[in-house]
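Okay, data-v4.cif is below, mmCIF, C-alpha atoms:
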data_model
loop_
_atom_site.label_atom_id
_atom_site.label_comp_id
_atom_site.auth_asym_id
_atom_site.auth_seq_id
_atom_site.Cartn_x
_atom_site.Cartn_y
_atom_site.Cartn_z
CA MET W 17 -0.97 20.11 -6.80
CA SER W 18 -3.39 19.92 -9.68
CA LEU W 19 -6.88 21.08 -8.66
CA VAL W 20 -9.45 20.04 -11.23
CA THR W 21 -13.11 20.89 -11.80
CA THR W 22 -16.05 18.54 -11.78
CA ASP W 23 -16.41 19.04 -15.55
CA TRP W 24 -12.74 18.10 -16.07
CA VAL W 25 -13.39 14.88 -14.16
CA LEU W 26 -16.40 14.02 -16.34
CA ASN W 27 -14.40 14.77 -19.51
CA ASN W 28 -11.53 12.51 -18.33
CA PHE W 29 -13.61 9.97 -16.40
CA ASP W 30 -12.61 6.85 -18.34
CA SER W 31 -8.88 7.48 -17.91
CA LEU W 32 -8.93 8.09 -14.13
CA LYS W 33 -8.51 5.94 -11.04
CA ILE W 34 -10.70 7.73 -8.50
CA ILE W 35 -10.00 7.69 -4.76
CA ASP W 36 -12.32 8.85 -1.96
CA ALA W 37 -9.88 9.88 0.80
CA SER W 38 -12.41 11.20 3.31
CA TRP W 39 -11.41 11.20 6.98
CA HIS W 40 -12.98 12.94 9.98
CA MET W 41 -11.78 13.93 13.44
CA PRO W 42 -13.07 11.51 16.11
CA ALA W 43 -15.27 14.16 17.78
CA GLN W 44 -17.33 14.46 14.60
CA LYS W 45 -18.58 10.89 15.08
CA ARG W 46 -18.72 10.35 11.32
CA ASN W 47 -17.73 7.13 9.61
CA PRO W 48 -16.08 7.90 6.26
CA ALA W 49 -16.19 4.28 5.09
CA GLU W 50 -19.92 4.09 5.76
CA GLU W 51 -20.48 7.44 4.05
CA TYR W 52 -18.54 6.14 1.05
CA ARG W 53 -20.70 2.99 0.92
CA ASN W 54 -23.84 5.16 0.89
CA SER W 55 -22.73 7.72 -1.69
CA HIS W 56 -19.61 8.08 -3.83
CA ILE W 57 -18.46 9.09 -7.28
CA PRO W 58 -18.91 6.13 -9.65
CA ASN W 59 -15.84 3.89 -10.03
CA SER W 60 -14.16 5.38 -6.97
CA ILE W 61 -12.37 3.36 -4.31
CA PHE W 62 -12.13 4.19 -0.62
CA PHE W 63 -8.75 5.08 0.90
CA ASP W 64 -8.87 4.47 4.65
CA LEU W 65 -6.33 6.81 6.27
CA ASP W 66 -6.49 4.97 9.59
CA GLU W 67 -5.83 1.59 8.00
CA ASN W 68 -3.28 2.86 5.49
CA SER W 69 -0.95 4.51 8.01
CA GLU W 70 1.97 3.02 9.95
CA LYS W 71 0.68 0.63 12.62
CA ASN W 72 3.86 0.21 14.71
CA THR W 73 3.83 3.64 16.33
CA ASP W 74 1.86 5.44 19.00
CA LEU W 75 1.60 8.50 16.74
CA PRO W 76 -1.44 8.88 14.49
CA HIS W 77 -1.27 8.70 10.71
CA MET W 78 2.46 8.28 10.20
CA LEU W 79 3.55 7.30 6.69
CA PRO W 80 3.71 3.55 6.13
CA ASN W 81 6.94 1.93 5.01
CA LYS W 82 7.65 1.45 1.30
CA LYS W 83 6.72 -2.25 1.17
CA THR W 84 3.42 -1.62 2.97
CA TRP W 85 2.58 1.28 0.62
CA GLU W 86 3.23 -0.92 -2.42
CA LYS W 87 0.84 -3.52 -1.01
CA ILE W 88 -1.82 -0.88 -0.19
CA MET W 89 -1.73 0.64 -3.67
CA SER W 90 -1.64 -2.74 -5.41
CA CYS W 91 -4.63 -3.98 -3.39
CA LEU W 92 -6.52 -0.79 -4.33
CA GLY W 93 -5.83 -1.53 -8.01
CA ILE W 94 -3.42 1.37 -8.45
CA ASN W 95 -0.42 1.12 -10.79
CA ASN W 96 2.48 3.53 -11.24
CA ASN W 97 1.28 4.91 -14.57
CA ASP W 98 -2.32 5.56 -13.41
CA GLU W 99 -3.86 9.01 -13.63
CA ILE W 100 -5.44 9.53 -10.22
CA LEU W 101 -8.25 11.78 -9.01
CA ILE W 102 -8.57 12.21 -5.24
CA TYR W 103 -11.57 13.74 -3.50
CA ASP W 104 -12.96 13.90 0.01
CA ASN W 105 -16.10 14.76 1.93
CA SER W 106 -14.43 16.17 5.01
CA ASP W 107 -13.73 19.54 6.59
CA LEU W 108 -10.05 18.58 6.90
CA LYS W 109 -9.37 18.33 3.18
CA SER W 110 -8.01 14.84 3.81
CA SER W 111 -7.56 14.34 0.07
CA CYS W 112 -4.37 16.39 0.44
CA ARG W 113 -2.91 13.76 2.77
CA CYS W 114 -3.51 11.03 0.19
CA TRP W 115 -2.00 13.32 -2.48
CA PHE W 116 1.12 13.90 -0.37
CA THR W 117 1.56 10.19 0.38
CA LEU W 118 1.36 9.34 -3.33
CA LEU W 119 3.88 12.10 -4.04
CA TYR W 120 6.20 10.89 -1.25
CA PHE W 121 6.19 7.38 -2.66
CA GLY W 122 7.10 8.56 -6.14
CA HIS W 123 3.85 8.76 -8.10
CA ASP W 124 4.20 11.21 -10.99
CA GLU W 125 2.97 14.57 -9.68
CA LYS W 126 1.42 15.37 -13.06
CA LYS W 127 -0.79 12.28 -12.74
CA ILE W 128 -2.30 13.18 -9.33
CA HIS W 129 -5.32 15.50 -9.23
CA ILE W 130 -7.61 16.74 -6.47
CA LEU W 131 -11.27 17.53 -7.08
CA ASN W 132 -11.79 21.20 -6.28
CA GLY W 133 -14.74 21.42 -3.88
CA GLY W 134 -14.73 17.69 -3.17
CA LEU W 135 -17.79 15.50 -3.00
CA LYS W 136 -19.90 18.37 -1.66
CA LYS W 137 -19.46 20.35 -4.86
CA TRP W 138 -19.89 17.22 -6.99
CA ILE W 139 -23.27 16.54 -5.38
CA PHE W 140 -24.27 20.23 -5.42
CA GLU W 141 -23.75 20.25 -9.21
CA ASN W 142 -25.92 17.12 -9.58
CA LYS W 143 -23.06 15.01 -10.93
CA PRO W 144 -23.60 11.24 -10.79
CA ILE W 145 -23.24 9.38 -7.49
CA THR W 146 -23.70 5.72 -6.67
CA LYS W 147 -23.76 3.10 -3.93
CA THR W 148 -22.38 0.46 -6.28
CA LYS W 149 -19.16 -1.14 -5.08
CA THR W 150 -16.27 -0.58 -7.46
CA GLU W 151 -14.64 -3.75 -8.76
CA ILE W 152 -10.91 -3.67 -8.08
CA ILE W 153 -8.38 -5.46 -10.25
CA LYS W 154 -5.18 -5.87 -8.23
CA GLY W 155 -2.33 -3.67 -9.41
CA ASN W 156 1.44 -3.94 -9.22
CA TYR W 157 2.63 -0.73 -7.59
CA ILE W 158 6.36 -0.09 -7.16
CA ALA W 159 7.17 2.79 -4.79
CA SER W 160 10.19 5.06 -4.85
CA GLU W 161 10.50 7.12 -1.67
CA LYS W 162 11.31 10.83 -1.77
CA LYS W 163 12.73 10.97 1.75
CA ASN W 164 13.65 14.64 1.37
CA LEU W 165 9.93 15.50 1.66
CA VAL W 166 9.83 14.54 5.36
CA VAL W 167 11.95 15.64 8.30
CA ASN W 168 12.40 13.59 11.46
CA LEU W 169 12.34 14.54 15.14
CA ASN W 170 16.14 14.93 15.36
CA GLN W 171 16.12 17.35 12.42
CA ILE W 172 13.36 19.36 14.12
CA LYS W 173 15.32 19.49 17.40
CA LYS W 174 18.51 20.64 15.63
CA ASN W 175 16.51 23.27 13.77
CA ILE W 176 15.47 24.95 17.03
CA LEU W 177 19.01 26.34 17.24
CA SER W 178 20.10 26.37 13.60
CA LYS W 179 16.85 27.80 12.18
CA ASP W 180 17.64 26.27 8.78
CA PHE W 181 13.96 25.98 7.90
CA ASN W 182 10.59 27.24 9.10
CA VAL W 183 8.19 24.94 10.88
CA ILE W 184 4.50 25.71 10.40
CA ASP W 185 1.83 24.24 12.65
CA ALA W 186 -1.40 24.07 10.64
CA ARG W 187 -3.68 23.30 13.58
CA SER W 188 -6.09 25.85 15.03
CA ARG W 189 -4.68 28.53 17.35
CA GLU W 190 -6.51 26.99 20.32
CA ARG W 191 -4.90 23.59 19.72
CA TYR W 192 -1.47 25.17 19.11
CA GLU W 193 -1.67 27.14 22.34
CA GLY W 194 -2.95 24.12 24.29
CA LYS W 195 -6.17 25.91 25.25
CA VAL W 196 -8.28 22.97 24.11
CA SER W 197 -7.77 19.24 24.43
CA GLU W 198 -6.41 17.37 21.47
CA PRO W 199 -9.22 15.64 19.57
CA ARG W 200 -7.12 12.47 19.35
CA LYS W 201 -6.88 10.40 22.49
CA GLY W 202 -3.46 10.30 24.17
CA LEU W 203 -1.87 13.33 22.46
CA ARG W 204 -0.50 16.22 24.50
CA SER W 205 -1.95 19.69 24.01
CA GLY W 206 0.11 22.61 22.80
CA HIS W 207 3.20 22.83 20.66
#

Representation of the structure as structure tokens:
Amino acid sequence: MSLVTTDWVLNNFDSLKIIDASWHMPAQKRNPAEEYRNSHIPNSIFFDLDENSEKNTDLPHMLPNKKTWEKIMSCLGINNNDEILIYDNSDLKSSCRCWFTLLYFGHDEKKIHILNGGLKKWIFENKPITKTKTEIIKGNYIASEKKNLVVNLNQIKKNILSKDFNVIDARSRERYEGKVSEPRKGLRSGH
């Protein structure tokens, strides 16, 4: 992952497609799309994680299929050769999810950057912000899945005995141990 500074962004501004990938847990009662409309880095577009995830599942935020991803990126004005900056304004560092999805669908890793410190740092350093809606010119994105970057449930089940790889749960200890309710409706607690 390429973490970049606010100054790097300003120096490369004209050659970047900029994505606001903010997302918040439901309990925070924050609306990332509304926050984006009120304040974002100029020329950025909003990536809605809820809308841009697989719809035909009861699990939250699963990767979309290849055809859907191509449509999402094209509608956002993203092309395969674009240099992309991703930032967020969330405690979850949701920009990393957008980064991973781009990587999974074959975008050149060297052309994907994340703003170190996100929008908070950008604003703290008095860099320019706007409410102006970014004009999007439809792109023609062609995805190429890297299926080896994701394992499925059967592989996880087999791994319980084979221990071929380590599984790391990145949630808080309380969520992992099932001591608190899951913040997403309908999900079981624990691991």

| task | Pick out the residues sitting within 8 Å of Asp124 (chain W), and hand them over as a ChimeraX atom specification; count all atoms listed in the file, and ignore anything fewer than 5 positions along from it in its own chain. | result | /W:96-97,119

| Distance query Ile100 (chain W) at most 6 Å, only C-alpha atoms, self and fewer than 3 positions along chain excluded, as a PyMOL selection string | chain W and resi 32-34+127-128

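Between Asn59 (chain W) and the residues W:Lys136, W:Arg46, W:Lys147, W:Lys87, the shortest atom-to-atom distance, using only C-alpha atoms, involves W:Lys147.
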
| query | For the file shown, what are the residues hit by the PyMOL selection byres ((chain W and resi 75-78) around 10), laid out as JSON, numbers by chain? | reply | {"W": [65, 66, 67, 68, 69, 70, 71, 72, 73, 74, 79, 80, 81, 113, 200, 201, 202, 203]}

| Using only C-alpha atoms: which of W:Glu151, W:Glu190, W:Asp104, W:Glu50 has the shortest distance to Trp138 (chain W) | W:Asp104

Run the PyMOL selection byres ((chain W and resi 140-143) around 10) on the file and write out the hits as a compact mmCIF listing (two decimals) with C-alpha atoms, keeping the file's coordinate frame.
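File produced: out-v6.txt:
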# COMPACT_ATOMS: atom_id res chain seq x y z
CA THR W 22 -16.05 18.54 -11.78
CA ASP W 23 -16.41 19.04 -15.55
CA LEU W 26 -16.40 14.02 -16.34
CA ILE W 57 -18.46 9.09 -7.28
CA PRO W 58 -18.91 6.13 -9.65
CA GLY W 133 -14.74 21.42 -3.88
CA LEU W 135 -17.79 15.50 -3.00
CA LYS W 136 -19.90 18.37 -1.66
CA LYS W 137 -19.46 20.35 -4.86
CA TRP W 138 -19.89 17.22 -6.99
CA ILE W 139 -23.27 16.54 -5.38
CA PRO W 144 -23.60 11.24 -10.79
CA ILE W 145 -23.24 9.38 -7.49

Test item: residues at most 8 Å from Ser110 (chain W), all atoms listed in the file, excluding those fewer than 5 positions along its chain, as a compact mmCIF listing (two decimals) with C-alpha atoms, in the frame of the given file:
# COMPACT_ATOMS: atom_id res chain seq x y z
CA ALA W 37 -9.88 9.88 0.80
CA SER W 38 -12.41 11.20 3.31
CA TRP W 39 -11.41 11.20 6.98
CA ASP W 104 -12.96 13.90 0.01

| Å distance separating CA of Ile94 (chain W) from CA of Leu108 (chain W), one decimal place |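 CA of Leu108 (chain W) lies at a distance of 24.0 Å from CA of Ile94 (chain W).
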
| query | Could you write out as an MDAnalysis selection string the residues that the PyMOL selection byres ((chain W and resi 54) around 10) matches in the shown file? | reply | chainID W and resid 48:53 55:56 145:149

| field | Distance of CA of Asn47 (chain W) from CA of His123 (chain W), expressed in Å to one decimal place | value | 28.0 Å

Region 183-198 of chain W from the block above, all heavy atoms, as a short mmCIF file (atom, residue, chain, number, x, y, z; two decimals), in the first residue's frame, please?
data_model
loop_
_atom_site.label_atom_id
_atom_site.label_comp_id
_atom_site.auth_asym_id
_atom_site.auth_seq_id
_atom_site.Cartn_x
_atom_site.Cartn_y
_atom_site.Cartn_z
N VAL W 183 -5.44 -17.27 10.46
CA VAL W 183 -6.62 -16.43 10.31
C VAL W 183 -6.57 -15.39 11.42
O VAL W 183 -6.42 -15.72 12.59
CB VAL W 183 -7.93 -17.25 10.42
CG1 VAL W 183 -9.14 -16.34 10.34
CG2 VAL W 183 -7.97 -18.32 9.33
N ILE W 184 -6.66 -14.13 11.04
CA ILE W 184 -6.59 -13.04 12.01
C ILE W 184 -7.92 -12.30 12.00
O ILE W 184 -8.39 -11.87 10.96
CB ILE W 184 -5.44 -12.06 11.66
CG1 ILE W 184 -4.10 -12.80 11.71
CG2 ILE W 184 -5.45 -10.86 12.61
CD1 ILE W 184 -2.93 -12.02 11.19
N ASP W 185 -8.51 -12.16 13.18
CA ASP W 185 -9.75 -11.42 13.33
C ASP W 185 -9.36 -10.02 13.80
O ASP W 185 -8.79 -9.84 14.87
CB ASP W 185 -10.65 -12.11 14.37
CG ASP W 185 -12.04 -11.56 14.41
OD1 ASP W 185 -12.19 -10.32 14.28
OD2 ASP W 185 -12.99 -12.34 14.60
N ALA W 186 -9.68 -9.02 13.01
CA ALA W 186 -9.23 -7.65 13.28
C ALA W 186 -10.23 -6.84 14.10
O ALA W 186 -10.03 -5.65 14.32
CB ALA W 186 -8.92 -6.93 11.97
N ARG W 187 -11.30 -7.49 14.56
CA ARG W 187 -12.28 -6.77 15.37
C ARG W 187 -11.74 -6.58 16.79
O ARG W 187 -10.73 -7.16 17.17
CB ARG W 187 -13.59 -7.56 15.42
CG ARG W 187 -14.24 -7.72 14.06
CD ARG W 187 -15.43 -8.64 14.12
NE ARG W 187 -15.03 -9.94 14.63
CZ ARG W 187 -15.85 -10.80 15.22
NH1 ARG W 187 -17.11 -10.51 15.39
NH2 ARG W 187 -15.41 -11.96 15.65
N SER W 188 -12.46 -5.79 17.58
CA SER W 188 -12.05 -5.58 18.97
C SER W 188 -12.15 -6.89 19.74
O SER W 188 -12.91 -7.81 19.37
CB SER W 188 -12.95 -4.53 19.63
OG SER W 188 -14.26 -5.05 19.80
N ARG W 189 -11.42 -6.99 20.84
CA ARG W 189 -11.44 -8.19 21.68
C ARG W 189 -12.87 -8.49 22.16
O ARG W 189 -13.31 -9.63 22.17
CB ARG W 189 -10.51 -8.04 22.88
CG ARG W 189 -10.53 -9.25 23.82
CD ARG W 189 -9.61 -9.09 25.02
NE ARG W 189 -8.23 -9.04 24.64
CZ ARG W 189 -7.43 -10.10 24.51
NH1 ARG W 189 -7.89 -11.29 24.75
NH2 ARG W 189 -6.18 -9.95 24.15
N GLU W 190 -13.60 -7.45 22.56
CA GLU W 190 -14.96 -7.63 23.06
C GLU W 190 -15.87 -8.24 22.00
O GLU W 190 -16.69 -9.10 22.30
CB GLU W 190 -15.54 -6.30 23.56
CG GLU W 190 -14.86 -5.75 24.81
CD GLU W 190 -13.52 -5.06 24.52
OE1 GLU W 190 -13.25 -4.69 23.35
OE2 GLU W 190 -12.73 -4.92 25.47
N ARG W 191 -15.74 -7.80 20.76
CA ARG W 191 -16.55 -8.37 19.68
C ARG W 191 -16.10 -9.80 19.39
O ARG W 191 -16.92 -10.70 19.21
CB ARG W 191 -16.44 -7.52 18.41
CG ARG W 191 -17.23 -6.23 18.50
CD ARG W 191 -17.07 -5.37 17.27
NE ARG W 191 -17.63 -6.02 16.09
CZ ARG W 191 -17.36 -5.63 14.85
NH1 ARG W 191 -16.54 -4.63 14.61
NH2 ARG W 191 -17.91 -6.25 13.82
N TYR W 192 -14.81 -10.04 19.35
CA TYR W 192 -14.26 -11.37 19.09
C TYR W 192 -14.74 -12.37 20.13
O TYR W 192 -15.13 -13.49 19.81
CB TYR W 192 -12.73 -11.30 19.08
CG TYR W 192 -12.04 -12.63 18.95
CD1 TYR W 192 -11.88 -13.22 17.70
CD2 TYR W 192 -11.53 -13.29 20.07
CE1 TYR W 192 -11.24 -14.44 17.57
CE2 TYR W 192 -10.89 -14.51 19.94
CZ TYR W 192 -10.75 -15.09 18.69
OH TYR W 192 -10.12 -16.30 18.56
N GLU W 193 -14.73 -11.96 21.38
CA GLU W 193 -15.14 -12.85 22.48
C GLU W 193 -16.65 -12.91 22.67
O GLU W 193 -17.14 -13.64 23.52
CB GLU W 193 -14.45 -12.43 23.78
CG GLU W 193 -12.95 -12.64 23.73
CD GLU W 193 -12.21 -12.13 24.97
OE1 GLU W 193 -12.83 -11.43 25.81
OE2 GLU W 193 -11.02 -12.44 25.09
N GLY W 194 -17.40 -12.14 21.90
CA GLY W 194 -18.85 -12.15 22.00
C GLY W 194 -19.38 -11.48 23.25
O GLY W 194 -20.52 -11.71 23.66
N LYS W 195 -18.58 -10.62 23.85
CA LYS W 195 -18.99 -9.92 25.07
C LYS W 195 -19.88 -8.72 24.79
O LYS W 195 -20.53 -8.21 25.69
CB LYS W 195 -17.76 -9.48 25.87
CG LYS W 195 -16.99 -10.66 26.45
CD LYS W 195 -15.77 -10.19 27.22
CE LYS W 195 -15.04 -11.38 27.81
NZ LYS W 195 -13.80 -10.97 28.47
N VAL W 196 -19.87 -8.26 23.55
CA VAL W 196 -20.74 -7.16 23.15
C VAL W 196 -21.51 -7.58 21.91
O VAL W 196 -21.06 -8.45 21.14
CB VAL W 196 -19.94 -5.86 22.87
CG1 VAL W 196 -19.25 -5.36 24.12
CG2 VAL W 196 -18.93 -6.06 21.75
N SER W 197 -22.64 -6.97 21.70
CA SER W 197 -23.44 -7.26 20.51
C SER W 197 -22.72 -6.75 19.27
O SER W 197 -22.01 -5.75 19.32
CB SER W 197 -24.80 -6.58 20.62
OG SER W 197 -25.50 -7.07 21.72
N GLU W 198 -22.95 -7.42 18.18
CA GLU W 198 -22.41 -6.96 16.91
C GLU W 198 -23.10 -5.65 16.54
O GLU W 198 -24.31 -5.53 16.70
CB GLU W 198 -22.63 -8.00 15.81
CG GLU W 198 -21.58 -9.07 15.77
CD GLU W 198 -20.19 -8.54 15.47
OE1 GLU W 198 -20.02 -7.81 14.48
OE2 GLU W 198 -19.27 -8.85 16.23
#
